[in-house]
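Chemist: Quick one, final30.tsv (TSV, C-alpha atoms):
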```tsv
chain	number	residue	atom	x	y	z
A	194	MET	CA	71.27	116.83	116.05
A	195	GLU	CA	69.94	113.41	117.08
A	196	LEU	CA	71.46	110.03	116.21
A	197	LYS	CA	68.61	109.11	113.86
A	198	ASP	CA	68.99	112.42	111.99
A	199	TYR	CA	72.71	111.81	111.56
A	200	LEU	CA	72.17	108.24	110.36
A	201	ASN	CA	69.48	109.30	107.89
A	202	ALA	CA	71.63	112.03	106.34
A	203	SER	CA	74.97	110.17	106.24
A	204	TYR	CA	74.54	108.00	103.15
A	205	THR	CA	78.29	107.82	102.51
A	206	ALA	CA	81.50	108.88	104.24
A	207	TYR	CA	81.28	112.22	102.44
A	208	GLN	CA	77.88	113.02	103.94
A	209	ALA	CA	79.04	111.67	107.32
A	210	VAL	CA	81.93	114.15	107.39
A	211	GLN	CA	79.66	116.93	106.10
A	212	GLY	CA	77.33	116.31	109.05
A	213	ALA	CA	80.27	116.12	111.45
A	214	LYS	CA	81.49	119.53	110.29
A	215	SER	CA	78.04	121.04	110.83
A	216	LEU	CA	77.91	119.66	114.38
A	217	LEU	CA	81.42	120.87	115.18
A	218	LEU	CA	80.87	124.35	113.73
A	219	SER	CA	77.68	124.76	115.75
A	220	SER	CA	79.69	123.81	118.86
A	221	GLY	CA	82.34	126.48	118.31
A	222	PHE	CA	85.08	124.41	116.66
A	223	VAL	CA	87.39	126.26	114.28
A	224	PRO	CA	88.22	124.69	110.88
A	225	LEU	CA	91.87	124.27	109.94
A	226	LYS	CA	93.58	123.23	106.71
A	227	GLU	CA	96.41	120.73	106.32
A	228	THR	CA	97.99	123.03	103.73
A	229	GLU	CA	98.30	126.00	106.11
A	230	SER	CA	100.22	126.84	109.27
A	231	TRP	CA	98.25	126.59	112.49
A	232	HIS	CA	98.04	128.87	115.50
A	233	LEU	CA	96.52	126.96	118.39
A	234	GLU	CA	95.49	128.25	121.79
A	235	ARG	CA	94.95	126.46	125.07
A	236	GLY	CA	91.24	125.94	125.49
A	237	GLY	CA	90.72	126.10	121.74
A	238	LYS	CA	88.57	123.68	119.71
A	239	TYR	CA	89.56	122.78	116.15
A	240	PHE	CA	89.07	120.32	113.31
A	241	VAL	CA	90.80	119.42	110.05
A	242	GLU	CA	89.49	117.24	107.22
A	243	ARG	CA	91.15	115.23	104.48
A	244	ASN	CA	89.73	114.42	101.06
A	245	GLY	CA	86.16	115.10	102.15
A	246	SER	CA	85.64	111.77	103.93
A	247	SER	CA	87.97	111.84	106.98
A	248	LEU	CA	88.17	114.36	109.79
A	249	ILE	CA	90.09	114.91	113.03
A	250	ALA	CA	88.65	117.19	115.72
A	251	PHE	CA	90.41	118.13	118.94
A	252	CYS	CA	90.16	120.24	122.08
A	253	VAL	CA	93.40	121.70	123.44
A	254	GLY	CA	93.55	121.25	127.20
A	255	THR	CA	96.26	120.56	129.72
A	256	PRO	CA	98.39	118.71	130.71
A	257	ASP	CA	100.18	117.58	127.57
A	258	TYR	CA	99.02	114.11	126.53
A	259	PHE	CA	96.46	112.81	124.04
A	260	LYS	CA	93.21	110.94	124.54
A	261	ILE	CA	92.16	109.73	121.11
A	262	VAL	CA	88.89	108.11	120.04
A	263	ALA	CA	89.01	106.77	116.47
A	264	SER	CA	86.14	105.42	114.36
A	265	HIS	CA	85.31	105.02	110.68
A	266	THR	CA	82.88	106.78	108.37
A	267	ASP	CA	82.40	104.13	105.68
A	268	SER	CA	80.09	101.11	105.41
A	269	PRO	CA	79.68	98.30	102.84
A	270	CYS	CA	77.78	99.39	99.75
A	271	LEU	CA	77.96	99.29	95.94
A	272	LYS	CA	80.25	101.68	94.04
A	273	LEU	CA	79.24	102.95	90.63
A	274	LYS	CA	81.74	102.32	87.87
A	275	GLU	CA	82.24	104.94	85.18
A	276	ASN	CA	80.18	104.44	82.01
A	277	PRO	CA	77.61	102.69	84.22
A	278	ALA	CA	74.61	102.36	81.90
A	279	MET	CA	73.79	98.80	80.81
A	280	GLU	CA	70.81	98.60	78.42
A	281	ARG	CA	68.95	95.40	77.61
A	282	ASP	CA	65.30	94.56	76.85
A	283	SER	CA	64.35	98.25	77.37
A	284	PHE	CA	65.76	98.18	80.95
A	285	VAL	CA	68.66	100.37	82.00
A	286	ARG	CA	70.75	99.02	84.85
A	287	TRP	CA	73.84	100.52	86.38
A	288	ASN	CA	77.17	98.74	86.55
A	289	VAL	CA	78.46	98.58	90.12
A	290	GLU	CA	81.11	96.76	92.13
A	291	PRO	CA	81.00	95.80	95.81
A	292	TYR	CA	82.69	98.08	98.33
A	293	GLY	CA	83.61	96.16	101.48
A	294	GLY	CA	82.16	92.88	102.71
A	295	GLY	CA	78.41	93.38	102.70
A	296	ILE	CA	75.61	90.89	103.21
A	297	TRP	CA	74.63	91.42	99.61
A	298	TYR	CA	71.33	89.53	99.54
A	299	SER	CA	70.05	92.09	102.05
A	300	PHE	CA	70.34	94.80	99.38
A	301	PHE	CA	67.59	93.25	97.25
A	302	ASP	CA	64.07	94.70	97.05
A	303	ARG	CA	64.62	97.70	99.29
A	304	PRO	CA	64.94	101.45	98.63
A	305	LEU	CA	68.39	102.61	97.53
A	306	LYS	CA	69.92	106.02	96.84
A	307	VAL	CA	72.92	107.17	94.84
A	308	ALA	CA	75.20	109.32	96.99
A	309	GLY	CA	78.79	110.44	97.29
A	310	ARG	CA	80.68	113.21	95.54
A	311	VAL	CA	81.28	114.48	92.02
A	312	ALA	CA	84.15	116.44	90.51
A	313	VAL	CA	82.73	119.21	88.33
A	314	LYS	CA	84.51	121.55	85.96
A	315	GLU	CA	84.49	125.16	87.13
A	316	GLY	CA	86.32	127.46	84.75
A	317	ASN	CA	89.95	126.37	84.80
A	318	GLY	CA	89.48	124.50	88.06
A	319	ILE	CA	87.63	121.61	89.65
A	320	ARG	CA	85.07	121.74	92.43
A	321	MET	CA	84.21	118.74	94.59
A	322	GLU	CA	80.49	118.57	95.41
A	323	ASN	CA	78.63	116.18	97.71
A	324	VAL	CA	75.44	114.82	96.15
A	325	VAL	CA	72.46	112.63	96.97
A	326	SER	CA	70.06	111.49	94.25
A	327	PRO	CA	66.49	112.84	94.37
A	328	TYR	CA	65.28	109.48	93.06
A	329	THR	CA	65.17	106.00	94.56
A	330	LEU	CA	66.40	102.75	93.03
A	331	THR	CA	65.94	99.06	93.75
A	332	ILE	CA	67.65	95.76	92.93
A	333	PRO	CA	64.84	93.30	92.11
A	334	SER	CA	65.12	89.68	93.17
A	335	LEU	CA	64.60	86.86	90.73
A	336	ALA	CA	61.15	85.38	91.41
A	337	VAL	CA	60.99	82.03	93.19
A	338	HIS	CA	59.22	80.60	90.11
A	339	MET	CA	62.42	81.20	88.11
A	340	ASN	CA	64.78	80.12	90.87
A	341	ARG	CA	63.10	77.21	92.64
A	342	GLY	CA	66.10	76.48	94.84
A	343	VAL	CA	66.51	80.00	96.15
A	344	ASN	CA	65.42	79.08	99.69
A	345	ASP	CA	67.85	76.17	99.76
A	346	GLY	CA	70.83	78.46	99.25
A	347	PHE	CA	71.64	81.39	96.97
A	348	SER	CA	75.09	82.68	96.03
A	349	VAL	CA	75.10	86.32	94.89
A	350	ASN	CA	77.09	87.08	91.73
A	351	PRO	CA	77.95	90.80	92.00
A	352	GLN	CA	78.27	91.33	88.25
A	353	VAL	CA	74.93	89.68	87.54
A	354	ASP	CA	72.68	90.01	90.57
A	355	LEU	CA	73.57	93.36	92.18
A	356	LEU	CA	72.89	95.73	89.28
A	357	PRO	CA	70.33	98.36	90.37
A	358	LEU	CA	67.39	98.99	88.06
A	359	ALA	CA	67.64	102.58	86.85
A	360	ALA	CA	64.99	103.23	84.20
A	361	LEU	CA	62.94	102.14	81.22
A	362	GLY	CA	64.78	103.70	78.33
A	363	ALA	CA	67.61	106.22	78.32
A	364	CYS	CA	68.33	108.10	81.53
A	365	ASP	CA	70.91	110.51	82.90
A	366	LEU	CA	72.86	109.38	85.94
A	367	PHE	CA	73.31	112.99	87.02
A	368	SER	CA	69.72	114.12	86.51
A	369	GLY	CA	68.90	116.24	89.52
A	370	LEU	CA	72.43	115.96	90.92
A	371	THR	CA	74.24	118.81	89.17
A	372	SER	CA	73.80	120.82	86.01
A	373	GLU	CA	77.53	121.34	85.49
A	374	GLU	CA	79.94	119.16	83.58
A	375	VAL	CA	81.02	116.15	85.63
A	376	LEU	CA	84.64	115.13	85.18
A	377	SER	CA	84.63	112.18	87.56
A	378	TYR	CA	82.85	110.85	90.62
A	379	ASP	CA	82.90	108.67	93.72
A	380	LEU	CA	79.27	107.58	93.79
A	381	TYR	CA	77.73	104.70	95.71
A	382	VAL	CA	74.41	102.88	95.71
A	383	VAL	CA	73.41	102.76	99.37
A	384	PRO	CA	70.42	101.70	101.51
A	385	ALA	CA	67.96	104.58	101.85
A	386	GLU	CA	65.65	103.40	104.64
A	387	ALA	CA	65.19	105.80	107.53
A	388	ALA	CA	66.20	104.72	111.03
A	389	TYR	CA	63.32	103.43	113.13
A	390	GLU	CA	62.56	102.00	116.57
A	391	SER	CA	61.66	98.32	116.62
A	392	GLY	CA	60.64	95.82	119.27
A	393	VAL	CA	57.50	95.63	121.42
A	394	HIS	CA	58.79	98.38	123.70
A	395	GLY	CA	60.70	100.28	121.02
A	396	GLU	CA	63.95	99.26	122.68
A	397	PHE	CA	65.81	98.57	119.46
A	398	LEU	CA	67.13	100.98	116.85
A	399	THR	CA	67.16	99.56	113.32
A	400	ALA	CA	68.89	101.43	110.51
A	401	PRO	CA	71.50	101.28	107.77
A	402	ARG	CA	75.11	102.03	108.72
A	403	LEU	CA	74.91	101.57	112.49
A	404	ASP	CA	78.37	100.11	111.90
A	405	ASN	CA	80.08	102.47	112.32
A	406	LEU	CA	78.23	105.79	112.37
A	407	THR	CA	77.03	105.18	115.93
A	408	SER	CA	80.71	105.32	116.92
A	409	VAL	CA	81.37	108.40	114.81
A	410	PHE	CA	78.40	110.30	116.22
A	411	SER	CA	79.00	109.32	119.84
A	412	SER	CA	82.67	110.39	119.67
A	413	LEU	CA	81.67	113.77	118.24
A	414	LEU	CA	78.97	114.36	120.84
A	415	ALA	CA	81.29	113.32	123.66
A	416	LEU	CA	84.02	115.64	122.40
A	417	THR	CA	81.65	118.62	122.15
A	418	GLU	CA	80.07	118.02	125.57
A	419	ALA	CA	82.90	116.77	127.80
A	420	GLU	CA	85.25	119.02	129.73
A	421	GLY	CA	88.36	117.01	129.14
A	422	ASP	CA	91.75	116.68	130.78
A	423	GLY	CA	94.61	116.67	128.27
A	424	ILE	CA	94.22	117.06	124.51
A	425	CYS	CA	91.04	115.24	123.49
A	426	VAL	CA	90.83	113.98	119.91
A	427	ALA	CA	88.06	112.43	117.80
A	428	ALA	CA	89.47	110.89	114.61
A	429	LEU	CA	87.06	109.85	111.85
A	430	PHE	CA	88.65	107.73	109.11
A	431	ASP	CA	87.35	106.50	105.77
A	432	ASN	CA	88.03	103.14	104.08
A	433	GLU	CA	88.17	100.88	107.14
A	434	GLU	CA	85.94	98.41	105.30
A	435	VAL	CA	88.58	97.96	102.59
A	436	GLY	CA	91.74	97.90	104.69
A	437	SER	CA	92.37	101.55	105.73
A	438	ARG	CA	95.49	101.87	103.57
A	439	THR	CA	94.42	104.94	101.63
A	440	LEU	CA	95.06	108.69	101.62
A	441	GLN	CA	92.26	109.19	104.15
A	442	GLY	CA	92.40	105.83	105.98
A	443	ALA	CA	93.70	104.93	109.43
A	444	GLY	CA	96.79	103.49	107.75
A	445	SER	CA	97.70	106.88	106.30
A	446	ASP	CA	99.77	109.58	107.98
A	447	PHE	CA	96.72	111.76	108.68
A	448	LEU	CA	96.59	111.19	112.43
A	449	ARG	CA	100.35	111.16	112.93
A	450	ARG	CA	100.84	114.39	110.99
A	451	THR	CA	97.96	116.06	112.80
A	452	LEU	CA	99.23	115.13	116.27
A	453	ASN	CA	102.77	116.12	115.36
A	454	LYS	CA	101.50	119.47	114.08
A	455	ILE	CA	99.59	120.02	117.32
A	456	GLY	CA	102.79	119.19	119.19
A	457	ARG	CA	104.87	121.67	117.21
A	458	CYS	CA	102.31	124.44	117.74
A	459	LEU	CA	102.19	123.85	121.51
A	460	GLY	CA	105.82	122.90	122.08
A	461	ILE	CA	104.96	119.29	122.96
A	462	SER	CA	107.58	116.56	122.50
A	463	VAL	CA	106.92	113.10	121.08
A	464	GLU	CA	107.39	111.60	124.55
A	465	VAL	CA	103.71	112.39	125.25
A	466	TYR	CA	102.63	109.48	123.02
A	467	ALA	CA	103.85	106.99	125.63
A	468	LYS	CA	101.63	108.77	128.18
A	469	SER	CA	98.57	108.87	125.93
A	470	TYR	CA	95.48	106.65	125.53
A	471	PHE	CA	93.76	105.48	122.35
A	472	VAL	CA	90.22	104.11	121.92
A	473	SER	CA	89.57	102.17	118.73
A	474	LEU	CA	85.79	102.50	118.49
A	475	ASP	CA	83.84	100.10	116.27
A	476	ASN	CA	80.69	98.06	116.75
A	477	ALA	CA	80.77	94.49	118.06
A	478	HIS	CA	78.74	91.33	117.52
A	479	SER	CA	75.91	90.51	119.88
A	480	VAL	CA	74.84	86.96	120.56
A	481	HIS	CA	72.38	86.20	117.78
A	482	PRO	CA	69.09	84.92	119.24
A	483	ASN	CA	68.70	82.37	116.42
A	484	HIS	CA	72.34	81.26	116.40
A	485	PRO	CA	73.77	81.44	119.92
A	486	GLU	CA	76.22	78.67	119.02
A	487	LYS	CA	78.24	81.17	116.98
A	488	CYS	CA	79.48	82.97	120.11
A	489	ASP	CA	82.16	82.28	122.69
A	490	PRO	CA	80.95	80.02	125.54
A	491	THR	CA	81.75	82.49	128.35
A	492	ASN	CA	82.05	85.96	126.79
A	493	ARG	CA	78.73	86.65	125.08
A	494	PRO	CA	77.74	90.30	124.58
A	495	VAL	CA	74.02	90.99	124.35
A	496	LEU	CA	71.95	93.92	123.16
A	497	GLY	CA	71.32	96.15	126.15
A	498	GLY	CA	74.40	94.88	128.00
A	499	GLY	CA	76.37	98.12	127.65
A	500	VAL	CA	79.69	98.99	126.04
A	501	VAL	CA	81.68	96.04	124.67
A	502	ILE	CA	85.40	95.67	125.38
A	503	LYS	CA	86.82	93.59	122.52
A	504	ASN	CA	89.72	91.16	122.97
A	505	HIS	CA	91.72	88.89	120.67
A	506	ALA	CA	94.86	86.84	121.39
A	507	ASN	CA	96.34	87.44	117.92
A	508	LYS	CA	95.65	91.18	118.13
A	509	ALA	CA	92.92	91.68	115.57
A	510	TYR	CA	91.80	93.88	118.47
A	511	THR	CA	94.43	95.91	120.32
A	512	THR	CA	93.10	95.54	123.86
A	513	ASP	CA	95.52	94.34	126.52
A	514	ALA	CA	95.32	94.13	130.32
A	515	LEU	CA	96.53	97.71	130.81
A	516	SER	CA	94.21	99.37	128.31
A	517	SER	CA	91.24	97.23	129.36
A	518	ALA	CA	91.78	97.97	133.06
A	519	ILE	CA	91.81	101.72	132.40
A	520	ALA	CA	88.51	101.53	130.52
A	521	LYS	CA	86.89	99.31	133.17
A	522	LEU	CA	87.95	101.61	136.00
A	523	ILE	CA	86.62	104.71	134.23
A	524	PHE	CA	83.34	102.98	133.35
A	525	GLU	CA	82.78	101.64	136.87
A	526	ARG	CA	83.30	105.09	138.38
A	527	ALA	CA	80.92	106.65	135.85
A	528	GLY	CA	78.22	103.99	136.22
A	529	VAL	CA	78.65	102.76	132.64
A	530	LYS	CA	77.60	99.18	131.91
A	531	TYR	CA	80.20	97.13	130.03
A	532	GLN	CA	80.65	93.59	128.78
A	533	LEU	CA	83.42	91.54	127.16
A	534	PHE	CA	83.79	90.10	123.68
A	535	PHE	CA	86.05	87.26	122.58
A	536	ASN	CA	85.59	85.27	119.37
A	537	ARG	CA	85.05	81.56	119.45
A	538	SER	CA	88.51	80.01	119.36
A	539	ASP	CA	87.64	78.12	116.16
A	540	ALA	CA	86.35	81.22	114.33
A	541	ARG	CA	88.14	83.88	112.35
A	542	SER	CA	88.11	87.36	113.89
A	543	GLY	CA	87.21	90.59	112.21
A	544	GLY	CA	89.50	93.57	112.69
A	545	THR	CA	89.31	97.29	113.44
A	546	LEU	CA	91.34	100.35	112.65
A	547	GLY	CA	93.09	100.19	116.03
A	548	ALA	CA	95.79	97.75	114.98
A	549	ILE	CA	96.38	99.64	111.74
A	550	SER	CA	96.63	102.98	113.57
A	551	GLN	CA	99.32	101.51	115.81
A	552	GLY	CA	101.63	101.52	112.82
A	553	GLN	CA	101.35	105.30	112.71
A	554	ILE	CA	100.94	106.25	116.39
A	555	SER	CA	101.99	103.70	119.00
A	556	VAL	CA	99.78	104.41	122.01
A	557	PRO	CA	98.19	102.11	124.65
A	558	THR	CA	94.92	101.16	122.94
A	559	VAL	CA	91.60	99.55	123.82
A	560	ASP	CA	88.99	98.32	121.33
A	561	LEU	CA	85.45	99.33	122.33
A	562	GLY	CA	82.04	99.36	120.66
A	563	ILE	CA	78.39	98.55	121.15
A	564	ALA	CA	76.80	95.22	120.35
A	565	GLN	CA	74.62	94.87	117.28
A	566	LEU	CA	72.93	92.30	115.09
A	567	ALA	CA	73.24	91.85	111.30
A	568	MET	CA	76.57	93.64	110.95
A	569	HIS	CA	77.22	94.60	107.30
A	570	SER	CA	73.59	94.07	106.34
A	571	ALA	CA	71.72	96.80	104.50
A	572	VAL	CA	69.85	97.33	107.77
A	573	GLU	CA	71.32	96.59	111.21
A	574	THR	CA	69.89	96.47	114.75
A	575	MET	CA	71.13	97.58	118.17
A	576	ALA	CA	69.69	98.46	121.59
A	577	SER	CA	69.14	102.19	122.02
A	578	SER	CA	70.24	102.00	125.67
A	579	ASP	CA	73.72	100.84	124.61
A	580	PHE	CA	74.29	104.05	122.69
A	581	GLU	CA	73.53	106.04	125.83
A	582	HIS	CA	76.05	104.00	127.80
A	583	LEU	CA	78.64	104.44	125.06
A	584	LEU	CA	78.15	108.21	125.03
A	585	LYS	CA	78.39	108.35	128.81
A	586	GLY	CA	81.51	106.19	128.72
A	587	LEU	CA	83.27	108.33	126.10
A	588	LYS	CA	82.49	111.50	128.05
A	589	ALA	CA	84.01	109.85	131.11
A	590	ILE	CA	87.16	108.91	129.18
A	591	TYR	CA	87.57	112.41	127.78
A	592	SER	CA	87.00	113.90	131.24
A	593	ALA	CA	89.26	111.49	133.14
A	594	SER	CA	92.82	112.27	134.16
A	595	ILE	CA	94.93	109.34	132.95
A	596	ARG	CA	98.57	109.13	133.99
A	597	ILE	CA	100.59	106.36	132.31
A	598	ASP	CA	104.25	106.02	133.33
A	599	GLY	CA	105.40	102.55	132.38
A	600	ASP	CA	103.74	100.08	134.76
A	601	LYS	CA	102.47	102.90	136.99
A	602	ILE	CA	98.99	104.06	136.01
A	603	VAL	CA	96.84	106.57	137.86
A	604	VAL	CA	93.26	107.28	136.75
A	605	GLU	CA	91.38	110.14	138.41
```
Now, as a test, write the supplied structure out as structure tokens.
Modeler:
Amino acid sequence: MELKDYLNASYTAYQAVQGAKSLLLSSGFVPLKETESWHLERGGKYFVERNGSSLIAFCVGTPDYFKIVASHTDSPCLKLKENPAMERDSFVRWNVEPYGGGIWYSFFDRPLKVAGRVAVKEGNGIRMENVVSPYTLTIPSLAVHMNRGVNDGFSVNPQVDLLPLAALGACDLFSGLTSEEVLSYDLYVVPAEAAYESGVHGEFLTAPRLDNLTSVFSSLLALTEAEGDGICVAALFDNEEVGSRTLQGAGSDFLRRTLNKIGRCLGISVEVYAKSYFVSLDNAHSVHPNHPEKCDPTNRPVLGGGVVIKNHANKAYTTDALSSAIAKLIFERAGVKYQLFFNRSDARSGGTLGAISQGQISVPTVDLGIAQLAMHSAVETMASSDFEHLLKGLKAIYSASIRIDGDKIVVE
């Protein structure tokens, strides 16, 4: 599976986890269930999912400590409300609400799909089914002739401006999705453009959902390809874009319960957490070529500059001197390019799931990612070479021997 294939198929977190499972199964990983007892073996490869949109995969090596790479499966989009049909002047539009903090004007006049999951009645039970619409939608802009000031500034009203055009006359939301009775659904209107190379030399990759499926895919590939020291973990969480405090988010007990269960199966005590290493993996902002003034004066990541190590004094990012030094040492030995990110001191910082995860598993943590442009747009852009450096860097982290004993750190 290639990155572009994964991006094109992963319309929502549900499809992202579905693709992750396919990749892991083809690489010999064994599925587990949270509701069952586990029997784990040294050298074994396993994964467990939660609620269809989060997944934790791990390889059981020795010695006993964890190396965890965590990323998120969700991206800003529009969520369909129930009873979505809105009919007026022969048009049918669908009622949606924003999910996350998207650049909403970028959703206009481009191909969109409906994707997610539905709950269908099956006898006396319920079956959850992932779906993608066979049809394409669009959200039409208001013509400049009817909005003369549009190029002077336009504020998007989600309840008015973001309603996708569905049909002329009556239509069935589930036409082509499922023939069974739908009890409920988590469906989203999402950008449907395929990933493509851009730039004179094809050096850029432009696609929806680079944030954060590039992190998800690279962590999975690194886990399946690296021969790691310790217990290597790739954690994929949903709902980072809305705060992570959900059943399947980084603020839940999913990771803590999974690591504790691994520990019980292998006879590992909780003391190993203090010896472990955590990578919070999420994309970073590149210097924008049209607005370089928005970046820090001395720490200015660029496309093609390699993996970004993200820092923040008030801990929106979890990186500190210890965790950063470990990453830098591993990258330098592996020949991985890296660069540093700090926000402007007069600008508000974004956050990642690293700080939230610390409330569940307190482990030395570094925030990493690759630089991109147009974060949270319907279509984003990155340098293809940065993905290769990220993949190489994650393999090096999984393969490294990291010994943390208070202030004494050995990396081999």
Chemist: Closest to Val409 of chain A among A:Leu474, A:Ala360, A:Val556, A:Val307, using all atoms listed in the file?
Modeler: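 Checking each candidate against Val409 of chain A, we get A:Leu474 as the closest.
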Chemist: Within 7 Å of Gly547 of chain A, counting only C-alpha atoms, which residues qualify if same-chain residues fewer than 6 places away don't, as JSON, numbers by chain?
Modeler: {"A": [473, 510, 511, 560]}
Chemist: Give the answer as one residue: which of A:Thr439, A:Gln551, A:Thr558, A:Ser578 has the shortest atom-to-atom distance to Leu515 of chain A, using all atoms listed in the file?
Modeler: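 Of all the options, A:Thr558 lies closest to Leu515 of chain A.
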Chemist: Please indicate the distance in Å from atom CA of Ser411 of chain A to atom CA of Arg243 of chain A, rounded to one decimal place.
Modeler: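 Between atom CA of Ser411 of chain A and atom CA of Arg243 of chain A the gap is 20.5 Å.
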Chemist: Go through A:Asn244, A:Ser326, A:Thr407, A:Ser230 and flag the residue nearest Leu584 of chain A, using all atoms listed in the file for the distances.
Modeler: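 For Leu584 of chain A, the nearest of the given residues is A:Thr407.
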Chemist: Mind checking which residues fall within 12 Å of Ala336 of chain A, counting all atoms listed in the file, ignoring those fewer than 6 positions away in the same chain, and posting them as a PyMOL selection string?
Modeler: chain A and resi 301-302+342-344
Chemist: Where does segment 356-446 of chain A meet segment 492-507 of chain A within 12 Å, residue by residue, with the nearest atom pair and distance in Å to one decimal for each, counting only C-alpha atoms, listed by chain and rising number, as CSV?
Modeler:
```
residue,atom,partner,partner_atom,distance
A:Glu396,CA,A:Gly497,CA,8.7
A:Phe397,CA,A:Leu496,CA,8.5
A:Leu398,CA,A:Leu496,CA,10.6
A:Ser408,CA,A:Val500,CA,11.1
```
Chemist: What is the atom CA of Arg596 of chain A-atom CA of Gly456 of chain A distance in Å, reported with one decimal?
Modeler: 18.4 Å
Chemist: Excluding same-chain residues fewer than 5 positions from Glu464 of chain A, what lies within 12 Å of it counting only C-alpha atoms, as a JSON list (two decimals) with C-alpha atoms, in the frame of the given file?
Modeler:
```json
[["chain", "number", "residue", "atom", "x", "y", "z"],
["A", 257, "ASP", "CA", 100.18, 117.58, 127.57],
["A", 258, "TYR", "CA", 99.02, 114.11, 126.53],
["A", 259, "PHE", "CA", 96.46, 112.81, 124.04],
["A", 453, "ASN", "CA", 102.77, 116.12, 115.36],
["A", 456, "GLY", "CA", 102.79, 119.19, 119.19],
["A", 469, "SER", "CA", 98.57, 108.87, 125.93],
["A", 554, "ILE", "CA", 100.94, 106.25, 116.39],
["A", 555, "SER", "CA", 101.99, 103.70, 119.00],
["A", 556, "VAL", "CA", 99.78, 104.41, 122.01],
["A", 597, "ILE", "CA", 100.59, 106.36, 132.31],
["A", 598, "ASP", "CA", 104.25, 106.02, 133.33]]
```
Chemist: Given all atoms listed in the file as the basis, pick out the residue of A:Leu440, A:Leu406, A:Ala509, A:Ala540 nearest to Cys488 of chain A.
Modeler: A:Ala540
Chemist: Quick check, in Å to one decimal: how far apart do atom CA of Ile296 of chain A and atom CA of Pro490 of chain A lie?
Modeler: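 So the two atoms, atom CA of Ile296 of chain A and atom CA of Pro490 of chain A, lie 25.4 Å apart.
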Chemist: Would you list the residues near (77.5, 89.1, 115.1) (no more than 6 Å away, in the coordinates of the file, using only C-alpha atoms) as a list in words?
Modeler: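 Here is the list of nearby residues: His478, Ser479 and Leu566 of chain A.
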Chemist: Point out the residue among A:Arg438, A:Lys260, A:His582, A:Lys214 with the least atom-to-atom distance to Glu242 of chain A, counting all atoms listed in the file.
Modeler: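 The answer is A:Lys214, which sits nearest to Glu242 of chain A.
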Chemist: Excluding Leu403 of chain A and any residue of its chain fewer than 2 positions from it, enumerate the residues within 10 Å of it, using all atoms listed in the file, and give them as a count of residues only.
Modeler: 28
Chemist: I'd like to know which of A:Tyr292, A:Phe534, A:Phe222, A:Tyr199 is closest to Asp379 of chain A, using all atoms listed in the file.
Modeler: A:Tyr292
